[in-house]
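Worksheet for the structure shown next.
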Amino acid sequence: MANVELKAVRKTYGTAPVIHGVTVDIRDGEFVTLVGPSGCGKSTLLRMIAGLEDISGGEIQIGGRTVNSVPPKERDIAMVFQNYALYPHMTVAENMGFSLKLKKAPREQREAGVGRAAEILSLTKLLDRYPRELSGGQRQRVAMGRAIVRNPQVFLFDEPLSNLDAKLRVQMRTEIKELHQRLKTTTVYVTHDQVEAMTMADKIVVMHDGIVEQVGAPLELYNHPANMFVAGFIGSPAMNFLKGRCERGRFLLEDGSALALPASLEHLSSDAVYGVRPEHLVRSDDGLPLTVAVVEPTGAETQVIARHGSQSIVCIFRDSVLPQPGETIRVRPDVSRVHVFSERDGRRLS
Amino acid sequence: MSAAMSSGRPSGRFPAILLSFVFAVIVLGPVAWALATSFKTEVEAVAVPPTLWPSTATLENYLKVFRDQSFLRDFWNSVAYSVGAVALALLVGIPAGYAAARFSFKGKRALMLTILATSMVPGVALLVPTFYLLDSIGLLNSGIVVTIILSARIIPQTVWFIANFVEAVPVEIEDSAFMDGANRFQIIWNLILPLIRPGIAAVATIGIVTTWNDYITVAVFAPDVAKRTLQVALVNQVFDAVGISWSYMMAFVVIASMPVILMFGLVQKWFISGLTAGAVKG
Amino acid sequence: MLASRTQAATTSPGVGVGDTPDTHNGVRFSWIPYLWFAPAILVLFLITLYPTFFVGWLSFQKTRYYELTGFVGLANYAEVLSSSAFWNTVFVSLTYVVGSLTGAVVLGMAAALVLNNAGPTGSVLRVFILFPWTLSMSVVGSIWLWLLNPSFGPIPYLMQVIGLEPGLMLGDPGLALPLIIIVTAWWSFPYVMVMATAAMQSIPQELYEAVEIDGGGALVKFRYVTLTHILPTLGSTALTLSIMYLTLMTLIIVMTGGGPLGSTTTLSFEAFRGTVQAVNIGPTAVVSIVVLLINVALGVVYTRLTGRVTG
């Protein structure tokens with residue numbers, strides 16, 4: 001078990017910087033997800049922790065030891081890859097025992113290690129199979145088994161669930177989380193799926209264009225996004241953003257309609273962006289008029305895509321009275337859940 | 001001949017099946033005739049009108065080939081040159097192909113272009129200079145030199161094939177092994193080589209066929225009778241116009257082709273995949 | 001032929017990382033990747049590249065047998081290019097390549113289409129039909145020498161039976177080249193067949209179904225789906241074969257020895273003859289260079305066509 005510290009870590013390919021000084025502190029036993037859109041540098045960062053990529057600047061510490069120039073096998077870490085990276089010509093047992101074999105561990109020790117991991121992941125009956133004979137979920141478990149066998153200080157996961165179908169993804173999500181709760185090994189988990197990040201993590205690191213936008217617990221990011229990027233990235237469907245101006249304690253849209261502002265921003269007077277999540281819009285007779293475009297009921301809730309002028313606004317309603325396309329509805333934001341962002345740099349003002 | 005894809009109606013296939021057999025006869029007829037002749041007596045081989053099947057099948061021609069004192073030597077030379085050439089091609093081609101697939105470094109393109117350029121230089125254009133150079137340093141009639149020359153002919157394609165096969169192996173598998181503590185050589189030995197084994201078999205098969213079938217290289221650079229191969233021995237019989245015995249020669253033809261026939265029979269799938277690999281744009 | 005697919009090149013596990021732990025940041029120059037190439041490059045340099053430069057040098061030397069007697073500039077070139085025998089050789093080569101190619105492509109395409117429509121029978125026969133491709137040129141030459149033998153060969157006999165006068169066959173200056181072309185096409189059309197088949201089988205079945213729905217018949221399917229899709233493959237196959245034909249000597253050595261009356265002396269055969277007879281290797285070097293240049297030109301076209309190396 002160990003903590004992982006990233007201090008101003010940078011990465012450049014040739015002259016192109018891809019990671020511009022990332023500082024994150026991952027505590028011992030924590031489950032941290034790195035999340036962001038593709039190309040944000042999250043996988044590169046993970047691979048730098050793993051030792052598969054050179055570090056161009058800054059420092060990475062694992063368990064208090066600087067590992068910048070330590071090869072992967074001496075970092076005491078294990079990694080699960082997106083496409084599992086199972087060795088196709090080896091059985092499940094051989095796959096899981098490969099690292100021990102390379103360490104020239106005696107056969108009994110190898111068998112014991114593999115057996116223990118197989119039991120944890122209920123793979124015992126599959127030990128003699130080859131990867132091609134396994135289902136997607138089973139392959140995923142073997143990949144994790146391979147990591148467990150090494151009994152590492154840190155687990156690294158690189159988008160491990162993206163090759164699975166939706167149902168299996170939810171199931172494996174739970175399995176990985178249970179595994180973490182059982183082994184309590186420090187885990188760094190990369191994903192582009194914010195739902196995965198939210199549901200699994202103790203702490204989320206949101207990355208964008210090679211920088212860390214915000215670090216925090218899932219609900220902290222949801223309730224207090226630092227900026228428009230995090231606000232838009234976390235939460236599904238995404239937050240609605242409305243352009244306008246704060247004036248005399250109200251927010252004026254371009255067409256002159258007014259929305260209520262949180263009390264803390266009463267005295268603000270400047271151009272700004274008003275952010276409200278679809279689930280924080282409630283129907284109200286004195287609300288903003290919207291023309292319903294599309295209605296998407298999912299059973300528990302109904303998603304309504306509506307327009308206010310040229311602005312598209314998504315609302316989620318829990319009541320079962322469905323509006324009709326073309327109908328005009330009036331909605332009011334829940335002022336306590338509203339965010340206002342600077343028009344200039346996207347930072348949250350409220 | 002309708003569309004390229006069969007309609008799946010067996011009744012519609014009849015003309016195609018018939019024509020297929022016509023092609024088979026065109027191609028295999030001459031080979032079959034040669035085979036039949038090899039079992040005829042010397043007299044029957046030249047009988048007029050020719051007989052299709054040997055009236056008295058005899059193994060005499062084959063026994064004569066085997067009894068020939070030089071046969072074993074020629075055979076051994078053929079085996080040594082072709083196996084040696086393929087082994088050398090793999091030995092130098094696997095590291096180069098692996099590096100081509102996995103490393104990115106300055107000058108790689110230039111290196112690959114150089115290898116490509118060498119594949120465009122035909123052996124025939126190098127007969128005179130190579131003969132001159134070997135002669136001037138006293139290396140004519142060297143089995144080792146002939147093996148290396150044969151090998152150089154198949155090295156470019158070997159490098160290219162290996163590079164393609166390695167590229168088909170996901171990099172994550174190597175990353176994973178890397179994290180499991182394997183070094184580069186363990187990765188190649190334990191992972192890459194087992195995984196690209198079918199590819200290596202295809203390259204090796206084609207290499208063996210190419211080098212086994214060579215006549216020119218051996219005939220020109222190792223003219224000594226003790227260094228000749230079965231192919232050279234066969235062609236020398238043709239030149240020996242006086243004593244030519246067709247049935248004996250056809251037996252020799254069959255024996256000289258036997259290793260290649262066997263290999264083709266055993267691994268024709270690899271052979272075909274080797275031929276078509278990379279040539280078809282999907 | 002050879003290629004580098006540079007776009008797939010990857011930096012990881014980085015050159016440098018792992019092999020030798022990187023002690024400082026940034027990309028470090030490393031000799032290691034070059035070492036991986038060194039053995040292959042060494043062999044190719046000694047066996048292929050150096051003699052290639054050397055033949056160029058040789059072509060500017062005055063020679064007597066295998067002795068060099070001094071620099072003569074372009075004299076060898078002038079001698080070769082002004083000789084009618086050389087141009088005759090060029091003409092024979094061209095006829096040989098074009099004739100064999102036409103035969104091989106027509107037969108190969110026909111065989112591919114026929115066998116592709118013949119269901120499982122076709123798949124089985126395809127393997128057998130490919131078989132002669134694996135035979136050596138000396139074997140192919142020997143077999144056909146026997147089949148075409150005017151005294152006892154079965155083919156002249158069959159010709160007589162149907163009332164044709166077989167004559168001297170390979171001994172006839174007008175027949176020798178056509179016969180060698182036929183044998184070459186016979187030997188190489190299975191290769192075209194295999195390539196065309198592989199290309200055909202990579203065509204998505206939906207395209208044929210789409211044509212059917214659009215009301216197109218078999219001819220439309222062949223013209224607009226099959227042919228369009230296999231054309232690039234056919235092109236590269238034709239180039240591969242051209243290169244092969246151009247440099248092919250053994251078949252001619254075995255069947256005619258370049259004769260009769262030089263009617264089957266191709267450029268490559270001339271380069272071979274000049275090497276072993278060694279009357280005057282300067283002009284032979286020039287002929288070798290002509291073969292080399294044509295070959296490289298075809299090779300470059302092939303590389304462009306298949307998009308290899310350029311990445």
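By convention here, the chains of the structure tokens are called A, B, ... in the order presented, each chain's residues are numbered starting at 1, and ligands are numbered starting at 1 in the order presented.
The residues of chain B lying at most 10 Å from chain A, with only C-alpha atoms taken into account, are Val169, Pro170, Val171, Glu172, Ile173, Glu174, Asp175, Ser176, Ala177, Phe178, Met179, Asp180, Gly181, Ala182, Asn183, Gln186, Asn190, Leu191, Ile192, Pro194 and Leu195 of chain B.
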How about saving the chosen residues, C-alpha atoms kept, as a JSON list (two decimals), in the first residue's frame?
```json
[["chain", "number", "residue", "atom", "x", "y", "z"],
["B", 169, "VAL", "CA", 0.16, -7.65, -31.96],
["B", 170, "PRO", "CA", -1.37, -5.01, -29.67],
["B", 171, "VAL", "CA", 1.26, -2.87, -28.01],
["B", 172, "GLU", "CA", -0.62, -3.20, -24.73],
["B", 173, "ILE", "CA", 0.45, -6.83, -24.55],
["B", 174, "GLU", "CA", 4.04, -5.67, -24.50],
["B", 175, "ASP", "CA", 3.28, -2.88, -22.05],
["B", 176, "SER", "CA", 1.62, -5.42, -19.86],
["B", 177, "ALA", "CA", 4.56, -7.81, -19.99],
["B", 178, "PHE", "CA", 6.85, -4.89, -19.40],
["B", 179, "MET", "CA", 4.98, -4.15, -16.18],
["B", 180, "ASP", "CA", 5.04, -7.81, -15.30],
["B", 181, "GLY", "CA", 8.79, -7.40, -15.26],
["B", 182, "ALA", "CA", 9.82, -8.75, -18.64],
["B", 183, "ASN", "CA", 12.72, -7.16, -20.47],
["B", 186, "GLN", "CA", 11.90, -11.86, -22.76],
["B", 190, "ASN", "CA", 7.99, -15.32, -24.68],
["B", 191, "LEU", "CA", 5.33, -13.21, -26.40],
["B", 192, "ILE", "CA", 6.12, -11.91, -29.85],
["B", 194, "PRO", "CA", 4.96, -17.40, -30.18],
["B", 195, "LEU", "CA", 2.27, -14.96, -31.30]]
```
- Message: Show me, as a ChimeraX atom specification, every residue of chain A with an atom at most 9 Å from chain C, counting only C-alpha atoms.
- Response: /A:11-14,51-57,68-73
- Exercise: Arg153 (chain B) partners within 10 Å, only C-alpha atoms, chain neighbours under 2 positions left out, as a PyMOL selection string: (chain B and resi 85+89+118-119+121-123+148-151+155-158+207+210-211) or (chain C and resi 44+47-48)
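Compared by their closest atoms to chain B, and using only C-alpha atoms, the residues C:Leu115, C:Leu158, C:Val90, C:Leu35 rank with C:Leu115 nearest.
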- Message: Set the distance at 12 Å and use only C-alpha atoms: which residues neighbour Pro259 (chain B) once local chain neighbours fewer than 2 positions away are removed? I'd like the list as a PyMOL selection string.
- Response: (chain B and resi 75+78-79+82-83+205+208-209+212-213+230+253-257+261-266) or (chain C and resi 134-136)
Could you write out, as a PDB file with C-alpha atoms, in the first residue's frame, all the residues of region 29-202 of chain A that DSSP marks as strand (DSSP E or B)?
```
ATOM      1  CA  PHE A  31      -9.710   5.063  -5.355  1.00  0.00           C
ATOM      2  CA  VAL A  32      -8.991   7.937  -7.712  1.00  0.00           C
ATOM      3  CA  THR A  33     -10.383   8.333 -11.199  1.00  0.00           C
ATOM      4  CA  LEU A  34      -8.756  10.426 -13.885  1.00  0.00           C
ATOM      5  CA  VAL A  35     -11.545  11.587 -16.128  1.00  0.00           C
ATOM      6  CA  GLY A  57       9.399  17.340 -16.049  1.00  0.00           C
ATOM      7  CA  GLY A  58       8.265  17.290 -12.445  1.00  0.00           C
ATOM      8  CA  GLU A  59       8.279  14.351 -10.093  1.00  0.00           C
ATOM      9  CA  ILE A  60       6.263  11.207  -9.424  1.00  0.00           C
ATOM     10  CA  GLN A  61       6.486   9.561  -6.028  1.00  0.00           C
ATOM     11  CA  ILE A  62       5.068   6.194  -5.079  1.00  0.00           C
ATOM     12  CA  ARG A  65       9.987   7.135  -3.287  1.00  0.00           C
ATOM     13  CA  THR A  66      10.707   9.184  -6.383  1.00  0.00           C
ATOM     14  CA  ILE A  77       2.433  -1.399  -9.469  1.00  0.00           C
ATOM     15  CA  ALA A  78       0.068  -3.365 -11.683  1.00  0.00           C
ATOM     16  CA  MET A  79      -1.942  -2.201 -14.615  1.00  0.00           C
ATOM     17  CA  VAL A  80      -5.149  -3.337 -16.330  1.00  0.00           C
ATOM     18  CA  VAL A 154      -0.904   0.526  -6.598  1.00  0.00           C
ATOM     19  CA  PHE A 155      -3.439  -0.633  -9.189  1.00  0.00           C
ATOM     20  CA  LEU A 156      -3.665   1.275 -12.436  1.00  0.00           C
ATOM     21  CA  PHE A 157      -6.707   0.864 -14.715  1.00  0.00           C
ATOM     22  CA  ASP A 158      -6.744   2.291 -18.236  1.00  0.00           C
ATOM     23  CA  THR A 186      -4.465   2.441  -3.845  1.00  0.00           C
ATOM     24  CA  THR A 187      -6.103   2.614  -7.273  1.00  0.00           C
ATOM     25  CA  VAL A 188      -5.804   5.054 -10.149  1.00  0.00           C
ATOM     26  CA  TYR A 189      -8.523   4.542 -12.722  1.00  0.00           C
ATOM     27  CA  VAL A 190      -8.713   6.296 -16.075  1.00  0.00           C
ATOM     28  CA  THR A 191     -12.032   6.717 -17.838  1.00  0.00           C
TER      29      THR A 191
END
```
- Neighbours of region 275-289 of chain A within 6 Å (only C-alpha atoms; same-chain residues fewer than 5 positions away dropped), as a PyMOL selection string? chain A and resi 239-241+314-316+329-334+338-340
- Mind listing as a PyMOL selection string which residues of chain C are within 6 Å of chain B, counting only C-alpha atoms? chain C and resi 1-3+9-11+36-37+39-40+44+51+55+113-115+117-118+129+136+139+152+199+202+218+221-222+233+275+288+292+296+299
- Query: Skipping near chain neighbours, those fewer than 4 positions away, what residues fall within 7 Å of Leu298 (chain C) using only C-alpha atoms, listed as a VMD selection string?
  - Reply: chain C and resid 239 243 294 302
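Taking only C-alpha atoms, the non-local environment of Glu30 (chain A) within 10 Å (same-chain residues fewer than 5 positions away omitted) comprises A:Met1, A:Ala2, A:Asn3, A:Val4, A:Val154, A:His180, A:Gln181, A:Lys184, A:Thr185, A:Thr186, A:Thr187, A:Val188, A:Ala201, A:Asp202, A:Lys203.
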- Suppose you want the space between CA of Leu130 (chain C) and CA of Pro190 (chain C); what is it in Å? 5.0 Å
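For region 65-101 of chain C, backbone-based DSSP labels the following residues as helix (DSSP H, G or I): C:Ala75, C:Asn76, C:Tyr77, C:Ala78, C:Glu79, C:Val80, C:Leu81, C:Ser84, C:Ala85, C:Phe86, C:Trp87, C:Asn88, C:Thr89, C:Val90, C:Phe91, C:Val92, C:Ser93, C:Leu94, C:Thr95, C:Tyr96, C:Val97, C:Val98, C:Gly99, C:Ser100, C:Leu101.
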Store the residues picked out above in a file with N, CA and C atoms, as a PDB file, in the first residue's frame.
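Writing the result to out_15.pdb gives the following:
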```pdb
ATOM      1  N   ALA C  75      32.341   4.560 -73.224  1.00  0.00           N
ATOM      2  CA  ALA C  75      32.577   3.722 -74.403  1.00  0.00           C
ATOM      3  C   ALA C  75      31.738   2.450 -74.389  1.00  0.00           C
ATOM      4  N   ASN C  76      31.638   1.803 -73.217  1.00  0.00           N
ATOM      5  CA  ASN C  76      30.839   0.581 -73.143  1.00  0.00           C
ATOM      6  C   ASN C  76      29.374   0.863 -73.457  1.00  0.00           C
ATOM      7  N   TYR C  77      28.900   1.990 -72.948  1.00  0.00           N
ATOM      8  CA  TYR C  77      27.505   2.361 -73.210  1.00  0.00           C
ATOM      9  C   TYR C  77      27.298   2.568 -74.703  1.00  0.00           C
ATOM     10  N   ALA C  78      28.244   3.303 -75.308  1.00  0.00           N
ATOM     11  CA  ALA C  78      28.130   3.568 -76.735  1.00  0.00           C
ATOM     12  C   ALA C  78      28.118   2.254 -77.514  1.00  0.00           C
ATOM     13  N   GLU C  79      28.996   1.347 -77.109  1.00  0.00           N
ATOM     14  CA  GLU C  79      29.082   0.079 -77.826  1.00  0.00           C
ATOM     15  C   GLU C  79      27.771  -0.699 -77.725  1.00  0.00           C
ATOM     16  N   VAL C  80      27.263  -0.770 -76.510  1.00  0.00           N
ATOM     17  CA  VAL C  80      26.044  -1.562 -76.314  1.00  0.00           C
ATOM     18  C   VAL C  80      24.843  -0.906 -76.996  1.00  0.00           C
ATOM     19  N   LEU C  81      24.678   0.404 -76.751  1.00  0.00           N
ATOM     20  CA  LEU C  81      23.465   1.056 -77.242  1.00  0.00           C
ATOM     21  C   LEU C  81      23.450   1.200 -78.764  1.00  0.00           C
ATOM     22  N   SER C  84      22.871  -3.546 -82.808  1.00  0.00           N
ATOM     23  CA  SER C  84      21.516  -3.983 -83.137  1.00  0.00           C
ATOM     24  C   SER C  84      21.153  -5.218 -82.308  1.00  0.00           C
ATOM     25  N   ALA C  85      22.177  -6.010 -81.941  1.00  0.00           N
ATOM     26  CA  ALA C  85      21.906  -7.197 -81.124  1.00  0.00           C
ATOM     27  C   ALA C  85      21.267  -6.784 -79.793  1.00  0.00           C
ATOM     28  N   PHE C  86      21.783  -5.673 -79.228  1.00  0.00           N
ATOM     29  CA  PHE C  86      21.221  -5.212 -77.956  1.00  0.00           C
ATOM     30  C   PHE C  86      19.752  -4.836 -78.128  1.00  0.00           C
ATOM     31  N   TRP C  87      19.449  -4.081 -79.181  1.00  0.00           N
ATOM     32  CA  TRP C  87      18.058  -3.654 -79.359  1.00  0.00           C
ATOM     33  C   TRP C  87      17.160  -4.830 -79.666  1.00  0.00           C
ATOM     34  N   ASN C  88      17.721  -5.831 -80.343  1.00  0.00           N
ATOM     35  CA  ASN C  88      16.964  -7.052 -80.567  1.00  0.00           C
ATOM     36  C   ASN C  88      16.631  -7.707 -79.219  1.00  0.00           C
ATOM     37  N   THR C  89      17.612  -7.703 -78.330  1.00  0.00           N
ATOM     38  CA  THR C  89      17.420  -8.261 -76.996  1.00  0.00           C
ATOM     39  C   THR C  89      16.323  -7.502 -76.241  1.00  0.00           C
ATOM     40  N   VAL C  90      16.358  -6.178 -76.371  1.00  0.00           N
ATOM     41  CA  VAL C  90      15.332  -5.367 -75.713  1.00  0.00           C
ATOM     42  C   VAL C  90      13.954  -5.748 -76.255  1.00  0.00           C
ATOM     43  N   PHE C  91      13.872  -5.903 -77.567  1.00  0.00           N
ATOM     44  CA  PHE C  91      12.602  -6.243 -78.189  1.00  0.00           C
ATOM     45  C   PHE C  91      12.115  -7.618 -77.711  1.00  0.00           C
ATOM     46  N   VAL C  92      13.032  -8.573 -77.649  1.00  0.00           N
ATOM     47  CA  VAL C  92      12.663  -9.916 -77.175  1.00  0.00           C
ATOM     48  C   VAL C  92      12.149  -9.833 -75.735  1.00  0.00           C
ATOM     49  N   SER C  93      12.865  -9.066 -74.897  1.00  0.00           N
ATOM     50  CA  SER C  93      12.439  -8.926 -73.499  1.00  0.00           C
ATOM     51  C   SER C  93      11.037  -8.352 -73.417  1.00  0.00           C
ATOM     52  N   LEU C  94      10.815  -7.310 -74.179  1.00  0.00           N
ATOM     53  CA  LEU C  94       9.525  -6.631 -74.143  1.00  0.00           C
ATOM     54  C   LEU C  94       8.410  -7.582 -74.588  1.00  0.00           C
ATOM     55  N   THR C  95       8.655  -8.273 -75.712  1.00  0.00           N
ATOM     56  CA  THR C  95       7.667  -9.227 -76.207  1.00  0.00           C
ATOM     57  C   THR C  95       7.393 -10.286 -75.146  1.00  0.00           C
ATOM     58  N   TYR C  96       8.477 -10.768 -74.560  1.00  0.00           N
ATOM     59  CA  TYR C  96       8.349 -11.821 -73.563  1.00  0.00           C
ATOM     60  C   TYR C  96       7.515 -11.347 -72.364  1.00  0.00           C
ATOM     61  N   VAL C  97       7.841 -10.154 -71.846  1.00  0.00           N
ATOM     62  CA  VAL C  97       7.145  -9.653 -70.660  1.00  0.00           C
ATOM     63  C   VAL C  97       5.669  -9.374 -70.982  1.00  0.00           C
ATOM     64  N   VAL C  98       5.431  -8.652 -72.066  1.00  0.00           N
ATOM     65  CA  VAL C  98       4.054  -8.285 -72.389  1.00  0.00           C
ATOM     66  C   VAL C  98       3.222  -9.536 -72.718  1.00  0.00           C
ATOM     67  N   GLY C  99       3.811 -10.424 -73.506  1.00  0.00           N
ATOM     68  CA  GLY C  99       3.086 -11.642 -73.884  1.00  0.00           C
ATOM     69  C   GLY C  99       2.749 -12.490 -72.670  1.00  0.00           C
ATOM     70  N   SER C 100       3.737 -12.737 -71.822  1.00  0.00           N
ATOM     71  CA  SER C 100       3.502 -13.587 -70.649  1.00  0.00           C
ATOM     72  C   SER C 100       2.487 -12.937 -69.712  1.00  0.00           C
ATOM     73  N   LEU C 101       2.612 -11.624 -69.567  1.00  0.00           N
ATOM     74  CA  LEU C 101       1.733 -10.908 -68.654  1.00  0.00           C
ATOM     75  C   LEU C 101       0.278 -10.990 -69.137  1.00  0.00           C
TER      76      LEU C 101
END
```
- For the atom pair CA of Leu148 (chain C) and CA of Ala238 (chain C), what is the interatomic distance in Å to one decimal place? 27.4 Å
- Note on the structure: Pairwise distance, CA of Ser123 (chain C) with CA of Thr197 (chain C), equals 10.2 Å
